[in-house]
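Colleague: One file is attached below, input.txt, containing compact mmCIF, C-alpha atoms.
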# COMPACT_ATOMS: atom_id res chain seq x y z
CA MET I 1 -11.30 26.78 12.53
CA PRO I 2 -12.77 24.56 9.79
CA ASN I 3 -13.57 20.94 10.63
CA LYS I 4 -10.85 18.45 9.70
CA ASN I 5 -11.58 16.04 6.88
CA TYR I 6 -10.52 12.47 7.59
CA ARG I 7 -9.90 9.65 5.19
CA VAL I 8 -12.95 7.48 4.56
CA TYR I 9 -12.41 3.75 5.12
CA LYS I 10 -14.63 1.08 3.59
CA ARG I 11 -15.66 -1.99 5.55
CA GLY I 12 -12.99 -4.69 5.23
CA THR I 13 -10.07 -2.30 4.69
CA ILE I 14 -6.87 -3.57 6.31
CA VAL I 15 -5.04 -0.79 8.18
CA TYR I 16 -1.93 -0.60 10.37
CA VAL I 17 -2.73 0.80 13.81
CA ASP I 18 -0.68 2.10 16.73
CA PHE I 19 -2.62 0.74 19.69
CA GLY I 20 -0.26 2.43 22.14
CA VAL I 21 1.21 0.97 25.33
CA ASN I 22 -1.29 -0.98 27.41
CA VAL I 23 0.29 -2.39 30.57
CA GLY I 24 -1.13 -5.79 31.47
CA TYR I 25 -3.13 -5.89 28.24
CA GLU I 26 -2.39 -8.34 25.44
CA LEU I 27 -2.85 -5.76 22.68
CA SER I 28 -0.08 -3.16 22.59
CA GLY I 29 2.07 -1.54 19.96
CA ASN I 30 1.47 -1.74 16.22
CA HIS I 31 -0.90 -4.28 14.68
CA PHE I 32 -2.79 -4.71 11.44
CA ALA I 33 -6.54 -4.49 11.86
CA ILE I 34 -9.71 -4.83 9.80
CA VAL I 35 -12.17 -1.93 9.58
CA LEU I 36 -15.70 -3.06 10.49
CA ASN I 37 -17.74 0.12 9.91
CA ASN I 38 -20.53 -0.32 7.40
CA LYS I 39 -20.59 3.42 6.80
CA ASP I 40 -17.87 6.01 7.27
CA ASN I 41 -17.54 9.66 6.30
CA SER I 42 -14.88 12.39 6.12
CA LYS I 43 -16.13 14.08 9.30
CA ASN I 44 -15.87 10.90 11.35
CA GLY I 45 -12.58 10.86 13.28
CA VAL I 46 -12.91 7.33 14.65
CA VAL I 47 -13.32 3.86 13.19
CA CYS I 48 -14.20 0.44 14.61
CA VAL I 49 -11.56 -2.23 14.04
CA VAL I 50 -10.73 -5.81 14.97
CA PRO I 51 -6.97 -6.43 15.34
CA ILE I 52 -4.97 -9.09 13.48
CA SER I 53 -2.31 -11.21 15.18
CA SER I 54 0.32 -13.67 14.00
CA LYS I 55 -0.17 -15.70 17.20
CA LYS I 56 -2.58 -18.60 17.51
CA LYS I 57 -4.85 -18.65 20.56
CA SER I 58 -8.07 -20.45 21.44
CA ASN I 59 -10.22 -17.31 21.18
CA TYR I 60 -8.64 -16.09 17.92
CA VAL I 61 -10.05 -16.84 14.48
CA SER I 62 -7.80 -18.03 11.64
CA VAL I 63 -8.04 -15.94 8.46
CA GLY I 64 -5.24 -17.61 6.50
CA LYS I 65 -2.37 -15.73 4.91
CA ILE I 66 -4.52 -12.65 4.55
CA LEU I 67 -1.70 -10.07 4.69
CA GLU I 68 0.45 -11.80 2.09
CA VAL I 69 -2.47 -12.33 -0.30
CA ALA I 70 -3.86 -8.80 0.12
CA SER I 71 -0.49 -7.08 -0.36
CA ILE I 72 0.77 -8.99 -3.42
CA LYS I 73 -1.61 -7.30 -5.86
CA GLN I 74 -0.66 -3.87 -4.48
CA PHE I 75 3.08 -4.52 -4.77
CA ILE I 76 2.79 -5.82 -8.35
CA SER I 77 0.78 -2.76 -9.38
CA GLN I 78 3.27 -0.36 -7.78
CA ALA I 79 6.26 -2.12 -9.37
CA ASP I 80 4.62 -1.96 -12.80
CA LYS I 81 4.03 1.79 -12.41
CA LEU I 82 7.65 2.43 -11.41
CA LYS I 83 8.98 0.41 -14.36
CA GLU I 84 6.69 2.19 -16.81
CA LYS I 85 7.71 5.58 -15.46
CA LEU I 86 11.38 4.72 -16.05
CA ARG I 87 10.67 3.60 -19.62
CA ILE I 88 8.71 6.78 -20.40
CA ILE I 89 11.49 9.01 -19.04
CA ILE I 90 14.03 7.23 -21.25
CA LEU I 91 11.84 7.17 -24.38
CA LEU I 92 10.78 10.78 -23.90
CA SER I 93 14.41 11.85 -23.58
CA LEU I 94 15.38 9.88 -26.70
CA ASN I 95 12.46 11.21 -28.75
CA ARG I 96 13.29 14.79 -27.82
CA GLY I 97 17.01 14.36 -28.49
CA ILE I 98 17.94 15.18 -24.90
CA ILE I 99 19.99 11.99 -24.68
CA ASP I 100 21.07 9.45 -27.31
CA GLU I 101 21.48 5.70 -27.21
CA SER I 102 25.16 5.98 -26.32
CA ASP I 103 24.01 7.33 -22.92
CA LEU I 104 22.03 4.18 -22.17
CA ASN I 105 23.58 1.27 -20.35
CA SER I 106 22.63 -2.36 -20.96
CA PHE I 107 20.12 -2.37 -18.09
CA ILE I 108 18.00 0.39 -19.59
CA LYS I 109 18.30 -1.10 -23.08
CA ASP I 110 17.06 -4.41 -21.67
CA ILE I 111 13.99 -2.71 -20.14
CA GLU I 112 13.18 -1.10 -23.48
CA ALA I 113 13.65 -4.36 -25.40
CA LYS I 114 11.15 -6.16 -23.18
CA GLY I 115 8.51 -3.43 -23.22
CA GLU I 116 5.74 -2.82 -25.73
CA LYS I 117 6.61 -0.62 -28.69
CA LEU I 118 5.24 2.88 -28.15
CA SER I 119 4.69 5.62 -30.70
CA VAL I 120 6.05 9.11 -30.09
CA GLU I 121 2.47 10.29 -29.45
CA GLU I 122 1.83 7.54 -26.89
CA VAL I 123 5.07 8.34 -25.07
CA GLU I 124 4.04 12.01 -24.81
CA LYS I 125 0.59 10.98 -23.58
CA ARG I 126 2.01 8.77 -20.85
CA ALA I 127 4.49 11.47 -19.86
CA VAL I 128 1.54 13.75 -19.10
CA LYS I 129 -0.12 10.93 -17.17
CA HIS I 130 2.96 10.58 -14.94
CA ASN I 131 3.47 14.37 -14.65
CA LEU I 132 6.96 14.08 -16.11
CA VAL I 133 8.94 17.20 -17.01
CA CYS I 134 11.79 16.28 -19.37
CA GLU I 135 12.53 19.33 -21.50
CA THR I 136 16.23 19.52 -20.65
CA ARG I 137 18.98 17.13 -19.60
CA GLU I 138 18.90 18.63 -16.09
CA GLN I 139 15.18 17.91 -15.82
CA VAL I 140 15.71 14.33 -16.99
CA ILE I 141 18.36 13.84 -14.31
CA LYS I 142 15.99 15.30 -11.72
CA GLU I 143 13.17 12.95 -12.77
CA ILE I 144 15.47 9.92 -12.66
CA LYS I 145 16.71 10.95 -9.21
CA SER I 146 13.12 11.27 -7.98
CA LEU I 147 12.28 7.86 -9.45
CA SER I 148 15.35 6.33 -7.78
CA GLU I 149 14.20 7.71 -4.42
CA ASP I 150 10.77 6.18 -4.99
CA MET I 151 12.37 2.83 -5.76
CA VAL I 152 14.23 2.95 -2.44
CA LYS I 153 10.98 3.72 -0.60
CA TYR I 154 9.21 0.90 -2.43
CA GLN I 155 11.99 -1.56 -1.52
CA LYS I 156 11.81 -0.51 2.15
CA VAL I 157 8.10 -1.32 2.34
CA PHE I 158 8.50 -4.54 0.35
CA ASN I 159 11.23 -5.73 2.74
CA CYS I 160 9.00 -4.97 5.75
CA TYR I 161 6.15 -7.03 4.34
CA LYS I 162 8.33 -10.07 3.67
CA LYS I 163 7.74 -11.23 7.25
CA TYR I 164 3.95 -11.24 6.87
CA THR I 165 3.75 -14.55 5.02
CA GLN I 166 2.49 -16.71 7.86
CA GLU I 167 -1.02 -17.57 9.02
CA SER I 168 -2.93 -14.66 10.59
CA TYR I 169 -5.67 -14.55 13.23
CA VAL I 170 -8.29 -11.94 14.11
CA MET I 171 -8.77 -11.04 17.76
CA PRO I 172 -12.56 -10.69 18.21
CA LEU I 173 -12.39 -9.97 21.94
CA ASN I 174 -10.17 -6.97 21.18
CA ILE I 175 -12.64 -5.19 18.91
CA GLN I 176 -12.47 -1.46 19.62
CA THR I 177 -13.05 2.03 18.30
CA ILE I 178 -9.85 3.92 17.57
CA SER I 179 -8.95 7.41 16.42
CA LYS I 180 -8.07 7.59 12.74
CA ASN I 181 -4.97 9.50 13.85
CA ARG I 182 -3.64 6.16 15.14
CA ILE I 183 -3.59 4.66 11.65
CA ARG I 184 -0.03 4.55 10.31
CA ARG I 185 1.74 4.00 6.97
CA ILE I 186 5.47 3.50 6.35
CA ASN I 187 5.38 5.70 3.25
CA LYS I 188 3.24 6.18 0.13
CA PHE I 189 4.05 2.67 -1.12
CA ASP I 190 2.68 0.98 2.01
CA PRO I 191 -0.33 -1.08 0.83
CA SER I 192 -2.08 -0.85 4.22
CA GLY I 193 -5.18 1.27 3.89
CA ASN I 194 -5.58 0.02 0.32
CA MET I 195 -5.72 -3.71 1.09
CA LYS I 196 -9.09 -5.35 1.65
CA ALA I 197 -10.16 -8.48 3.48
CA PRO I 198 -12.22 -10.84 1.29
CA GLY I 199 -15.89 -11.40 1.97
CA ASN I 200 -15.42 -14.86 3.51
CA VAL I 201 -13.03 -13.41 6.10
CA LEU I 202 -15.50 -10.67 7.02
CA ASN I 203 -18.19 -13.34 7.41
CA GLU I 204 -15.95 -15.29 9.79
CA VAL I 205 -15.25 -12.13 11.79
CA ASP I 206 -18.99 -11.40 12.03
CA GLU I 207 -19.71 -14.93 13.24
CA SER I 208 -16.97 -14.76 15.88
CA LEU I 209 -18.30 -11.44 17.17
CA LYS I 210 -21.80 -12.89 17.45
CA LYS I 211 -20.38 -15.86 19.34
CA TYR I 212 -18.55 -13.75 21.94
CA PHE I 213 -20.87 -10.76 22.27
CA THR I 214 -24.42 -12.07 21.81
CA LYS I 215 -26.37 -14.77 23.52
Any chance you could give the structure as structure tokens?
Modeller:
Amino acid sequence: MPNKNYRVYKRGTIVYVDFGVNVGYELSGNHFAIVLNNKDNSKNGVVCVVPISSKKKSNYVSVGKILEVASIKQFISQADKLKEKLRIIILLSLNRGIIDESDLNSFIKDIEAKGEKLSVEEVEKRAVKHNLVCETREQVIKEIKSLSEDMVKYQKVFNCYKKYTQESYVMPLNIQTISKNRIRRINKFDPSGNMKAPGNVLNEVDESLKKYFTK
């Protein structure tokens, strides 16, 4: 059996981890965590992390609103991609005569009015970029249905992250090595695994680890 290839995580990546059930231990269940490995590779099935908590304790280190700040950029980027994909489906369908303007409601017309003006060639180019297949009305309907499903998934993740707007704290005494199989994502729109802690936060984590684990 060939060796399994694991995802490679860069130092500072913020991931969502299932730490399991630990009776009598303060760290249980699901928590965000920061990857500390300086080097990782696809054959490495474990990663060293320091957990993040929303609770304030004397041995925790404040890292500000790290989850809110790190996720905003990801959510904006994802929303922009979804909106562009909708515009390209509509423009592609209009250009090819699959639908006409009488099929468009005011919402879609409003999206088009606010967007940049695209040539027929640019619309075709972006359609290829998004892997859109819109040769027939049935295919257009299928693409719109798929996009609608993606929007629901996006909204689910966005709603989950609304609660992560408060101050966060790293838990240096809970640093541990975990299996990469314990890293979770809600769905493909979950920014965890793509978010990164800024350099000043990593410096604070390093200093706290030196304080508690070195003389």
Colleague: Counting all atoms listed in the file, what is within 10 Å of Glu124 in chain I, bar same-chain residues fewer than 4 positions away, as number ranges by chain?
Modeller: I: 88-89, 91-92, 95, 118-120, 128-129, 132
Colleague: I'd like to know which of I:Leu209, I:Met171, I:Cys134, I:Ile14 is closest to Glu68 in chain I, using all atoms listed in the file.
Modeller: I:Ile14
Colleague: Taking the point (1.1, -11.9, 1.8) as given in the file, collect each protein or nucleic acid residue that comes within 10 Å of it, counting only C-alpha atoms, and present the set as a list in words.
Modeller: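 Those residues, ordered by chain and then number, are Gly64, Lys65, Ile66, Leu67, Glu68, Val69, Ala70, Ser71, Ile72, Lys73, Tyr161, Lys162, Lys163, Tyr164, Thr165, Gln166 and Glu167 of chain I.
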Colleague: Using all atoms listed in the file, which protein or nucleic acid residues come within 8 Å of Val17 in chain I? Drop anything in the same chain fewer than 5 positions from it, and give the result as a count of residues only.
Modeller: 7
Colleague: Considering all atoms listed in the file, can you say which of I:Ser53, I:Asn203, I:Thr136, I:Ser208 comes closest to Gly12 in chain I?
Modeller: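 Nearest candidate to Gly12 in chain I out of I:Ser53, I:Asn203, I:Thr136, I:Ser208: I:Asn203.
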Colleague: From the options I:Asn37, I:Asn5, I:Leu202, I:Val47, which residue's atoms come nearest to Ile178 in chain I, counting all atoms listed in the file?
Modeller: I:Val47
Colleague: Could you name the residues that touch His130 in chain I at 12 Å or less, counting all atoms listed in the file, but leaving out those on the same chain fewer than 4 positions away, as a list in words?
Modeller: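 Selected residues are Lys81, Leu82, Lys83, Glu84, Lys85, Leu86, Arg87, Ile88, Ile89, Leu92, Val123, Glu124, Lys125, Arg126, Cys134, Glu143 and Leu147 of chain I.
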Colleague: Could you list, as an MDAnalysis selection string, every residue within 10 Å of range 156-160 of chain I, counting all atoms listed in the file and ignoring same-chain residues fewer than 5 positions away?
Modeller: chainID I and resid 71:72 75 150:151 185:191
Colleague: Do you know which residues lie at most 7 Å from (-4.5, 1.3, 3.8), with coordinates as in the file and all atoms listed in the file counted, and could you write them as a PDB file with C-alpha atoms, keeping the file's coordinate frame?
Modeller:
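Output below, filename point.pdb:
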ATOM      1  CA  THR I  13     -10.070  -2.300   4.690  1.00  0.00           C
ATOM      2  CA  ILE I  14      -6.870  -3.570   6.310  1.00  0.00           C
ATOM      3  CA  VAL I  15      -5.040  -0.790   8.180  1.00  0.00           C
ATOM      4  CA  PRO I 191      -0.330  -1.080   0.830  1.00  0.00           C
ATOM      5  CA  SER I 192      -2.080  -0.850   4.220  1.00  0.00           C
ATOM      6  CA  GLY I 193      -5.180   1.270   3.890  1.00  0.00           C
ATOM      7  CA  ASN I 194      -5.580   0.020   0.320  1.00  0.00           C
ATOM      8  CA  MET I 195      -5.720  -3.710   1.090  1.00  0.00           C
TER       9      MET I 195
END
Colleague: Excluding Ser62 in chain I and any residue of its chain fewer than 5 positions from it, enumerate the residues within 7 Å of it, using all atoms listed in the file, and give them as a list in words.
Modeller: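 With the cut-off at 7 Å, the set is Ser168, Tyr169 and Val170 of chain I.
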Colleague: What does the file look like for those residues with C-alpha atoms, as a PDB file, keeping the file's coordinate frame?
Modeller:
ATOM      1  CA  SER I 168      -2.930 -14.660  10.590  1.00  0.00           C
ATOM      2  CA  TYR I 169      -5.670 -14.550  13.230  1.00  0.00           C
ATOM      3  CA  VAL I 170      -8.290 -11.940  14.110  1.00  0.00           C
TER       4      VAL I 170
END
